[in-house]
Amino acid sequence: MGKPLSVVICDDSRLARKQMERALVQWNVDITHASHGLEALEAIRAGKGELLFLDLNMPLLDGYQVLERIRANDLPTLTIVVSGDVQPEARERVIQLGALDFIRKPLNTDLLTQSLRSFGLLEELSVSSTNHSDEAETHLEGARPQPLNRTRSLGLDPVSQAFELTECYQELANVAMGQAADRLARLLKVFIELPIPRVQLVELCELDMALHQATGDNPVTTICQGFIAPGIAGEALLMFSDSSSQDLAHLLGHEGEITDQIERELMMDIANLLIGAFLNGLGSQLDLSFGQGSPLILGQHCSVPNLQQNNRWTRTLSIDICYRIEGRDLSCDLLLLFTEDSLPAMNELVRHL
């Protein structure tokens with residue numbers, strides 16, 4: 001057996017890195033983990049990254065910036081992007097920046113093998129006679145990422161379990177976010193700038209204060225849509241700033257005066273699309289089918305409504321995503337709120353990942 005191929009897996013999600021590692025263990029590879037772009041570049045410069053698997057949405061240095069630096073510094077690595085951002089333009093951009101291929105999340109091992117074969121990399125990844133294990137895994141700081149202690153988690157209350165699983169929830173949200181952005185980008189023929197989803201366990205009163213501090217006195221239009229699945233329930237809120245209405249109408253091809261009624265209809269259409277696509281993306285990963293209620297306008301051209309006013313629950317698992325359209329003054333905040341009673345069912349599904 002020849003020298004192993006040095007591989008860097010760069011992703012801010014430990015879950016995503018472990019999934020990629022499991023897909024690669026059948027080959028003779030030496031794997032280094034990187035949780036953001038700066039770590040990946042450091043590993044490549046140290047000769048640890050002949051092949052780089054690269055996420056796009058990451059802190060400190062995102063995937064686009066990593067590709068730009070690889071090109072600018074002529075670093076010796078081949079890059080395959082693995083991302084939940086499945087917008088057509090995202091693929092085009094990374095290919096233009098020098099990536100060999102783009103593979104969508106969640107990872108499909110057949111597509112991964114097909115990609116490696118198409119670029120002649122399977123010849124380099126000769127079958128290993130020994131299995132790689134978690135003990136062989138390396139990390140730039142020398143600290144090995146540890147798997148979740150399932151035994152210990154099972155002894156915790158649902159809230160504590162959800163806290164331990166926050167990173168898994170974030171990766172699930174990242175994939176669902178990308179699928180929703182793809183639907184919106186295709187409808188509006190734009191490029192959506194995606195953030196890193198914020199996942200947290202909070203009291204509704206704390207979330208109320210945070211939302212009011214974030215929006216200040218700026219008026220927004222807020223749309224609410226309830227959702228439900230076996231053992232799971234919650235509400236999705238979509239908040240548009242007032243400055244977004246003109247751009248939104250233009251992108252949707254509306255001509256003429258934008259009345260309050262027209263604005264409501266346009267925003268309801270976007271809410272149905274974004275919330276539905278996100279829940280479908282989340283459900284497909286958890287093998288769930290979400291039912292959705294009819295969207296309602298909670299407030300138009302006013303401050304963010306009080307979240308506690310119509311809810312009997314006080315604590316929530318929240319997923320917060322801000323979608324921004326590149327080059328336009330158009331953004332909206334999607335907030336998914338899961339009831340505390342939903343945590344046992346959700347934790348059990350997520351632990352299987």
# chains A, B, ... in the order shown; residues from 1 in each chain; ligands from 1

$ residues_around --residues "segment 252-257 of chain A" --least-positions-apart "2" --cutoff "8 Å" --atoms "only C-alpha atoms" --output "tab-separated table (two decimals) with all heavy atoms, in the first residue's frame"
chain	number	residue	atom	x	y	z
A	187	LEU	N	-37.04	31.60	-7.78
A	187	LEU	CA	-38.25	32.39	-8.00
A	187	LEU	C	-37.91	33.84	-8.37
A	187	LEU	O	-38.47	34.39	-9.32
A	187	LEU	CB	-39.12	32.36	-6.74
A	187	LEU	CG	-40.36	33.28	-6.76
A	187	LEU	CD1	-41.37	32.79	-7.79
A	187	LEU	CD2	-40.99	33.37	-5.38
A	188	LEU	N	-36.99	34.44	-7.61
A	188	LEU	CA	-36.69	35.85	-7.79
A	188	LEU	C	-35.55	36.10	-8.77
A	188	LEU	O	-35.27	37.25	-9.12
A	188	LEU	CB	-36.34	36.49	-6.44
A	188	LEU	CG	-37.41	36.39	-5.34
A	188	LEU	CD1	-36.92	37.07	-4.07
A	188	LEU	CD2	-38.72	37.01	-5.79
A	248	LEU	N	-39.14	43.84	-3.37
A	248	LEU	CA	-39.84	42.57	-3.45
A	248	LEU	C	-40.88	42.61	-4.57
A	248	LEU	O	-40.99	41.67	-5.37
A	248	LEU	CB	-40.51	42.25	-2.12
A	248	LEU	CG	-41.24	40.90	-2.03
A	248	LEU	CD1	-40.28	39.75	-2.28
A	248	LEU	CD2	-41.90	40.75	-0.66
A	249	ALA	N	-41.65	43.69	-4.63
A	249	ALA	CA	-42.66	43.83	-5.68
A	249	ALA	C	-42.02	43.82	-7.07
A	249	ALA	O	-42.52	43.19	-8.00
A	249	ALA	CB	-43.45	45.11	-5.47
A	250	HIS	N	-40.89	44.52	-7.20
A	250	HIS	CA	-40.19	44.58	-8.50
A	250	HIS	C	-39.70	43.20	-8.91
A	250	HIS	O	-39.88	42.79	-10.07
A	250	HIS	CB	-39.01	45.55	-8.40
A	250	HIS	CG	-38.17	45.57	-9.63
A	250	HIS	ND1	-38.59	46.18	-10.81
A	250	HIS	CD2	-36.93	45.05	-9.89
A	250	HIS	CE1	-37.65	46.03	-11.73
A	250	HIS	NE2	-36.64	45.36	-11.20
A	259	THR	N	-50.26	48.72	-2.83
A	259	THR	CA	-51.14	48.96	-1.69
A	259	THR	C	-50.79	48.02	-0.55
A	259	THR	O	-50.02	47.06	-0.72
A	259	THR	CB	-52.60	48.73	-2.10
A	259	THR	OG1	-52.76	47.35	-2.46
A	259	THR	CG2	-52.98	49.59	-3.30
A	266	LEU	N	-47.95	39.65	-1.51
A	266	LEU	CA	-46.59	39.33	-1.94
A	266	LEU	C	-45.80	38.68	-0.81
A	266	LEU	O	-45.10	37.68	-1.01
A	266	LEU	CB	-45.88	40.59	-2.42
A	266	LEU	CG	-46.42	41.27	-3.68
A	266	LEU	CD1	-45.65	42.55	-3.96
A	266	LEU	CD2	-46.34	40.33	-4.88

$ closest_atom_pairs --of "segment 164-234 of chain A" --to "segment 279-283 of chain A" --cutoff "8 Å" --atoms "only C-alpha atoms" --output "JSON lines"
{"residue": "A:Leu172", "atom": "CA", "partner": "A:Leu282", "partner_atom": "CA", "distance": 6.3}
{"residue": "A:Ala173", "atom": "CA", "partner": "A:Leu282", "partner_atom": "CA", "distance": 6.7}
{"residue": "A:Val175", "atom": "CA", "partner": "A:Gly281", "partner_atom": "CA", "distance": 6.9}
{"residue": "A:Ala176", "atom": "CA", "partner": "A:Gly281", "partner_atom": "CA", "distance": 4.3}
{"residue": "A:Met177", "atom": "CA", "partner": "A:Gly281", "partner_atom": "CA", "distance": 7.7}
{"residue": "A:Gln179", "atom": "CA", "partner": "A:Gly281", "partner_atom": "CA", "distance": 6.3}
{"residue": "A:Ala180", "atom": "CA", "partner": "A:Gly281", "partner_atom": "CA", "distance": 7.5}

$ atom_distance --atom1 "atom CA of Ile192 of chain A" --atom2 "atom CA of Asp333 of chain A"
12.7 Å

$ residues_around --residues "Cys168 of chain A" --least-positions-apart "6" --cutoff "9 Å" --atoms "only C-alpha atoms" --output "ChimeraX atom specification"
/A:13-16,350-351,353

$ write_last_selection --atoms "all heavy atoms" --output "tab-separated table (two decimals), in the first residue's frame"
chain	number	residue	atom	x	y	z
A	13	SER	N	-19.25	22.38	11.16
A	13	SER	CA	-20.08	21.40	11.84
A	13	SER	C	-19.30	20.11	12.08
A	13	SER	O	-18.83	19.47	11.13
A	13	SER	CB	-21.33	21.08	10.99
A	13	SER	OG	-21.97	19.91	11.47
A	14	ARG	N	-19.19	19.72	13.35
A	14	ARG	CA	-18.53	18.45	13.68
A	14	ARG	C	-19.29	17.28	13.09
A	14	ARG	O	-18.70	16.30	12.62
A	14	ARG	CB	-18.41	18.31	15.20
A	14	ARG	CG	-17.73	17.03	15.64
A	14	ARG	CD	-17.57	16.97	17.14
A	14	ARG	NE	-18.82	17.21	17.85
A	14	ARG	CZ	-18.96	17.12	19.16
A	14	ARG	NH1	-17.93	16.84	19.92
A	14	ARG	NH2	-20.13	17.34	19.74
A	15	LEU	N	-20.63	17.38	13.08
A	15	LEU	CA	-21.45	16.32	12.51
A	15	LEU	C	-21.11	16.13	11.03
A	15	LEU	O	-20.93	14.99	10.57
A	15	LEU	CB	-22.94	16.66	12.66
A	15	LEU	CG	-23.93	15.74	11.94
A	15	LEU	CD1	-23.86	14.33	12.51
A	15	LEU	CD2	-25.35	16.30	12.04
A	16	ALA	N	-21.01	17.22	10.28
A	16	ALA	CA	-20.70	17.12	8.85
A	16	ALA	C	-19.31	16.55	8.63
A	16	ALA	O	-19.09	15.75	7.71
A	16	ALA	CB	-20.82	18.50	8.20
A	350	VAL	N	-32.70	13.39	16.33
A	350	VAL	CA	-31.38	13.95	16.04
A	350	VAL	C	-30.27	13.04	16.53
A	350	VAL	O	-29.22	12.95	15.87
A	350	VAL	CB	-31.26	15.36	16.68
A	350	VAL	CG1	-29.83	15.88	16.57
A	350	VAL	CG2	-32.22	16.32	16.00
A	351	ARG	N	-30.48	12.34	17.64
A	351	ARG	CA	-29.43	11.45	18.17
A	351	ARG	C	-29.07	10.35	17.17
A	351	ARG	O	-27.95	9.87	17.15
A	351	ARG	CB	-29.87	10.83	19.49
A	351	ARG	CG	-29.42	11.61	20.71
A	351	ARG	CD	-29.46	10.75	21.95
A	351	ARG	NE	-30.77	10.20	22.17
A	351	ARG	CZ	-31.74	10.78	22.89
A	351	ARG	NH1	-31.48	11.95	23.46
A	351	ARG	NH2	-32.90	10.22	23.06
A	353	LEU	N	-28.51	10.68	14.20
A	353	LEU	CA	-27.52	11.19	13.27
A	353	LEU	C	-26.10	11.05	13.79
A	353	LEU	O	-25.17	11.29	13.04
A	353	LEU	CB	-27.81	12.67	12.95
A	353	LEU	CG	-29.16	12.95	12.28
A	353	LEU	CD1	-29.33	14.46	12.13
A	353	LEU	CD2	-29.25	12.27	10.94

$ closest_residue --among "A:Phe290, A:Phe240, A:Trp27, A:Tyr323" --to "Pro197 of chain A" --atoms "only C-alpha atoms"
A:Tyr323

$ closest_residue --among "A:Cys224, A:Ile44, A:Val190, A:Leu286" --to "Asp74 of chain A" --atoms "only C-alpha atoms"
A:Ile44

$ closest_residue --among "A:Gly231, A:Pro88, A:Gly37, A:Pro158" --to "Gly63 of chain A" --atoms "only C-alpha atoms"
A:Gly37

$ closest_residue --among "A:Leu116, A:Ala72, A:Leu67, A:Leu238" --to "Gly98 of chain A" --atoms "only C-alpha atoms"
A:Leu67

$ closest_residue --among "A:Ile95, A:Leu251, A:Ile223, A:Leu61" --to "Gln300 of chain A" --atoms "only C-alpha atoms"
A:Ile223

$ closest_residue --among "A:Thr221, A:Gln292, A:Ile262, A:Ala181" --to "Ile325 of chain A" --atoms "only C-alpha atoms"
A:Ala181

$ residues_around --residues "Lys105 of chain A" --least-positions-apart "5" --cutoff "8 Å" --atoms "only C-alpha atoms" --output "list in words"
Val82, Ser83, Gly84 and Val175 of chain A

$ select_by_dssp --residues "segment 99-325 of chain A" --states "helix (DSSP H, G or I)" --output "number ranges by chain"
A: 109-118, 134-136, 150-154, 158-164, 166-188, 204-215, 242-251, 260-286
